[in-house]
Amino acid sequence: MAMNRSIEPDLIERALEVSGERTKKTAVTRALEEFILRHKQKGMLDLMGRLEWDKSFDYKAGRSRS
């Protein structure tokens with residue numbers, strides 16, 4: 001879907017510098033992907049302290065290579 005939106009030129013230039021991307025499109029795409037990822041991570045952090053853990057679960061048992 002093509003979009004024509006006015007984005008502040010300074011923001012685009014900063015995004016290009018920080019991301020190392022070569023084009024405005026890839027810089028904006030990368031910024032949006034990171035924005036979405038951070039919000040998903042925040043959702044996971046919101047669960048902290050709300051879940052009950054099974055105290056008998058041995059998380060080290062699954063690490064065995066044998």
# chains A, B, ... in the order shown; residues from 1 in each chain; ligands from 1
call {"tool": "residues_around", "arguments": {"residues": "segment 18-30 of chain A", "least_positions_apart": "2", "cutoff": "12 Å", "atoms": "only C-alpha atoms", "output": "list in words"}}
result
Ala2, Met3, Asn4, Arg5, Ile7, Glu8, Pro9, Asp10, Leu11, Ile12, Glu13, Arg14, Ala15, Leu16, Leu32, Glu33, Glu34, Phe35, Ile36 and Leu37 of chain A
call {"tool": "select_by_dssp", "arguments": {"residues": "chain A", "states": "helix (DSSP H, G or I)", "output": "JSON, numbers by chain"}}
result
{"A": [9, 10, 11, 12, 13, 14, 15, 16, 17, 18, 19, 24, 25, 26, 27, 28, 29, 30, 31, 32, 33, 34, 35, 36, 37, 38, 39, 40, 41, 42, 43, 44, 45, 61, 62, 63]}
call {"tool": "decode", "arguments": {"residues": "segment 4-44 of chain A", "atoms": "N, CA and C atoms", "output": "PDB file, in the first residue's frame"}}
result
ATOM      1  N   ASN A   4       1.499   8.506   0.979  1.00  0.00           N
ATOM      2  CA  ASN A   4       2.176   9.795   0.881  1.00  0.00           C
ATOM      3  C   ASN A   4       1.843  10.579   2.133  1.00  0.00           C
ATOM      4  N   ARG A   5       2.798  10.622   3.033  1.00  0.00           N
ATOM      5  CA  ARG A   5       2.629  11.352   4.286  1.00  0.00           C
ATOM      6  C   ARG A   5       3.790  12.297   4.451  1.00  0.00           C
ATOM      7  N   SER A   6       3.528  13.379   5.091  1.00  0.00           N
ATOM      8  CA  SER A   6       4.575  14.353   5.337  1.00  0.00           C
ATOM      9  C   SER A   6       5.269  14.021   6.655  1.00  0.00           C
ATOM     10  N   ILE A   7       6.526  13.633   6.561  1.00  0.00           N
ATOM     11  CA  ILE A   7       7.328  13.349   7.736  1.00  0.00           C
ATOM     12  C   ILE A   7       8.406  14.415   7.807  1.00  0.00           C
ATOM     13  N   GLU A   8       8.651  14.903   9.011  1.00  0.00           N
ATOM     14  CA  GLU A   8       9.630  15.958   9.172  1.00  0.00           C
ATOM     15  C   GLU A   8      10.971  15.524   8.591  1.00  0.00           C
ATOM     16  N   PRO A   9      11.553  16.325   7.700  1.00  0.00           N
ATOM     17  CA  PRO A   9      12.823  15.972   7.062  1.00  0.00           C
ATOM     18  C   PRO A   9      13.948  15.697   8.065  1.00  0.00           C
ATOM     19  N   ASP A  10      13.967  16.433   9.177  1.00  0.00           N
ATOM     20  CA  ASP A  10      15.004  16.202  10.185  1.00  0.00           C
ATOM     21  C   ASP A  10      14.896  14.801  10.789  1.00  0.00           C
ATOM     22  N   LEU A  11      13.660  14.351  11.009  1.00  0.00           N
ATOM     23  CA  LEU A  11      13.456  13.011  11.555  1.00  0.00           C
ATOM     24  C   LEU A  11      13.935  11.938  10.580  1.00  0.00           C
ATOM     25  N   ILE A  12      13.628  12.129   9.317  1.00  0.00           N
ATOM     26  CA  ILE A  12      14.068  11.164   8.301  1.00  0.00           C
ATOM     27  C   ILE A  12      15.597  11.118   8.243  1.00  0.00           C
ATOM     28  N   GLU A  13      16.226  12.285   8.243  1.00  0.00           N
ATOM     29  CA  GLU A  13      17.692  12.321   8.188  1.00  0.00           C
ATOM     30  C   GLU A  13      18.308  11.642   9.401  1.00  0.00           C
ATOM     31  N   ARG A  14      17.747  11.893  10.583  1.00  0.00           N
ATOM     32  CA  ARG A  14      18.255  11.252  11.793  1.00  0.00           C
ATOM     33  C   ARG A  14      18.051   9.743  11.736  1.00  0.00           C
ATOM     34  N   ALA A  15      16.904   9.322  11.232  1.00  0.00           N
ATOM     35  CA  ALA A  15      16.625   7.889  11.111  1.00  0.00           C
ATOM     36  C   ALA A  15      17.609   7.228  10.144  1.00  0.00           C
ATOM     37  N   LEU A  16      17.921   7.897   9.058  1.00  0.00           N
ATOM     38  CA  LEU A  16      18.894   7.359   8.108  1.00  0.00           C
ATOM     39  C   LEU A  16      20.269   7.223   8.752  1.00  0.00           C
ATOM     40  N   GLU A  17      20.667   8.221   9.506  1.00  0.00           N
ATOM     41  CA  GLU A  17      21.976   8.192  10.171  1.00  0.00           C
ATOM     42  C   GLU A  17      22.050   7.071  11.209  1.00  0.00           C
ATOM     43  N   VAL A  18      21.053   7.020  12.054  1.00  0.00           N
ATOM     44  CA  VAL A  18      21.057   6.063  13.165  1.00  0.00           C
ATOM     45  C   VAL A  18      20.925   4.626  12.668  1.00  0.00           C
ATOM     46  N   SER A  19      20.080   4.407  11.698  1.00  0.00           N
ATOM     47  CA  SER A  19      19.803   3.044  11.237  1.00  0.00           C
ATOM     48  C   SER A  19      20.872   2.516  10.294  1.00  0.00           C
ATOM     49  N   GLY A  20      21.538   3.409   9.582  1.00  0.00           N
ATOM     50  CA  GLY A  20      22.501   2.964   8.588  1.00  0.00           C
ATOM     51  C   GLY A  20      21.847   2.510   7.296  1.00  0.00           C
ATOM     52  N   GLU A  21      20.541   2.695   7.205  1.00  0.00           N
ATOM     53  CA  GLU A  21      19.824   2.314   5.981  1.00  0.00           C
ATOM     54  C   GLU A  21      20.169   3.295   4.865  1.00  0.00           C
ATOM     55  N   ARG A  22      19.987   2.835   3.619  1.00  0.00           N
ATOM     56  CA  ARG A  22      20.344   3.670   2.480  1.00  0.00           C
ATOM     57  C   ARG A  22      19.182   4.493   1.938  1.00  0.00           C
ATOM     58  N   THR A  23      17.963   4.003   2.154  1.00  0.00           N
ATOM     59  CA  THR A  23      16.812   4.713   1.604  1.00  0.00           C
ATOM     60  C   THR A  23      15.851   5.134   2.712  1.00  0.00           C
ATOM     61  N   LYS A  24      15.063   6.128   2.402  1.00  0.00           N
ATOM     62  CA  LYS A  24      14.066   6.606   3.366  1.00  0.00           C
ATOM     63  C   LYS A  24      13.039   5.522   3.658  1.00  0.00           C
ATOM     64  N   LYS A  25      12.642   4.804   2.614  1.00  0.00           N
ATOM     65  CA  LYS A  25      11.631   3.754   2.781  1.00  0.00           C
ATOM     66  C   LYS A  25      12.115   2.682   3.753  1.00  0.00           C
ATOM     67  N   THR A  26      13.343   2.206   3.584  1.00  0.00           N
ATOM     68  CA  THR A  26      13.836   1.160   4.480  1.00  0.00           C
ATOM     69  C   THR A  26      14.046   1.684   5.890  1.00  0.00           C
ATOM     70  N   ALA A  27      14.443   2.945   6.029  1.00  0.00           N
ATOM     71  CA  ALA A  27      14.614   3.531   7.362  1.00  0.00           C
ATOM     72  C   ALA A  27      13.277   3.625   8.083  1.00  0.00           C
ATOM     73  N   VAL A  28      12.251   4.051   7.374  1.00  0.00           N
ATOM     74  CA  VAL A  28      10.911   4.163   7.976  1.00  0.00           C
ATOM     75  C   VAL A  28      10.359   2.778   8.293  1.00  0.00           C
ATOM     76  N   THR A  29      10.551   1.828   7.391  1.00  0.00           N
ATOM     77  CA  THR A  29      10.084   0.460   7.623  1.00  0.00           C
ATOM     78  C   THR A  29      10.751  -0.121   8.859  1.00  0.00           C
ATOM     79  N   ARG A  30      12.043   0.048   8.956  1.00  0.00           N
ATOM     80  CA  ARG A  30      12.781  -0.476  10.117  1.00  0.00           C
ATOM     81  C   ARG A  30      12.308   0.193  11.407  1.00  0.00           C
ATOM     82  N   ALA A  31      12.094   1.497  11.360  1.00  0.00           N
ATOM     83  CA  ALA A  31      11.625   2.216  12.552  1.00  0.00           C
ATOM     84  C   ALA A  31      10.258   1.697  12.994  1.00  0.00           C
ATOM     85  N   LEU A  32       9.373   1.448  12.054  1.00  0.00           N
ATOM     86  CA  LEU A  32       8.043   0.935  12.393  1.00  0.00           C
ATOM     87  C   LEU A  32       8.127  -0.476  12.966  1.00  0.00           C
ATOM     88  N   GLU A  33       9.004  -1.307  12.394  1.00  0.00           N
ATOM     89  CA  GLU A  33       9.171  -2.670  12.919  1.00  0.00           C
ATOM     90  C   GLU A  33       9.684  -2.637  14.359  1.00  0.00           C
ATOM     91  N   GLU A  34      10.651  -1.771  14.626  1.00  0.00           N
ATOM     92  CA  GLU A  34      11.186  -1.663  15.984  1.00  0.00           C
ATOM     93  C   GLU A  34      10.144  -1.094  16.952  1.00  0.00           C
ATOM     94  N   PHE A  35       9.343  -0.149  16.487  1.00  0.00           N
ATOM     95  CA  PHE A  35       8.267   0.427  17.299  1.00  0.00           C
ATOM     96  C   PHE A  35       7.286  -0.664  17.725  1.00  0.00           C
ATOM     97  N   ILE A  36       6.894  -1.499  16.762  1.00  0.00           N
ATOM     98  CA  ILE A  36       5.945  -2.578  17.048  1.00  0.00           C
ATOM     99  C   ILE A  36       6.563  -3.584  18.007  1.00  0.00           C
ATOM    100  N   LEU A  37       7.820  -3.953  17.780  1.00  0.00           N
ATOM    101  CA  LEU A  37       8.502  -4.904  18.652  1.00  0.00           C
ATOM    102  C   LEU A  37       8.579  -4.397  20.087  1.00  0.00           C
ATOM    103  N   ARG A  38       8.912  -3.142  20.269  1.00  0.00           N
ATOM    104  CA  ARG A  38       9.007  -2.570  21.617  1.00  0.00           C
ATOM    105  C   ARG A  38       7.659  -2.582  22.330  1.00  0.00           C
ATOM    106  N   HIS A  39       6.587  -2.329  21.600  1.00  0.00           N
ATOM    107  CA  HIS A  39       5.271  -2.357  22.231  1.00  0.00           C
ATOM    108  C   HIS A  39       4.865  -3.779  22.602  1.00  0.00           C
ATOM    109  N   LYS A  40       5.271  -4.766  21.804  1.00  0.00           N
ATOM    110  CA  LYS A  40       5.006  -6.159  22.166  1.00  0.00           C
ATOM    111  C   LYS A  40       5.790  -6.532  23.422  1.00  0.00           C
ATOM    112  N   GLN A  41       7.048  -6.082  23.494  1.00  0.00           N
ATOM    113  CA  GLN A  41       7.866  -6.355  24.673  1.00  0.00           C
ATOM    114  C   GLN A  41       7.262  -5.709  25.910  1.00  0.00           C
ATOM    115  N   LYS A  42       6.736  -4.500  25.762  1.00  0.00           N
ATOM    116  CA  LYS A  42       6.110  -3.811  26.884  1.00  0.00           C
ATOM    117  C   LYS A  42       4.915  -4.612  27.385  1.00  0.00           C
ATOM    118  N   GLY A  43       4.176  -5.207  26.471  1.00  0.00           N
ATOM    119  CA  GLY A  43       3.045  -6.041  26.860  1.00  0.00           C
ATOM    120  C   GLY A  43       3.474  -7.221  27.707  1.00  0.00           C
ATOM    121  N   MET A  44       4.623  -7.794  27.374  1.00  0.00           N
ATOM    122  CA  MET A  44       5.146  -8.907  28.168  1.00  0.00           C
ATOM    123  C   MET A  44       5.563  -8.419  29.551  1.00  0.00           C
TER     124      MET A  44
END
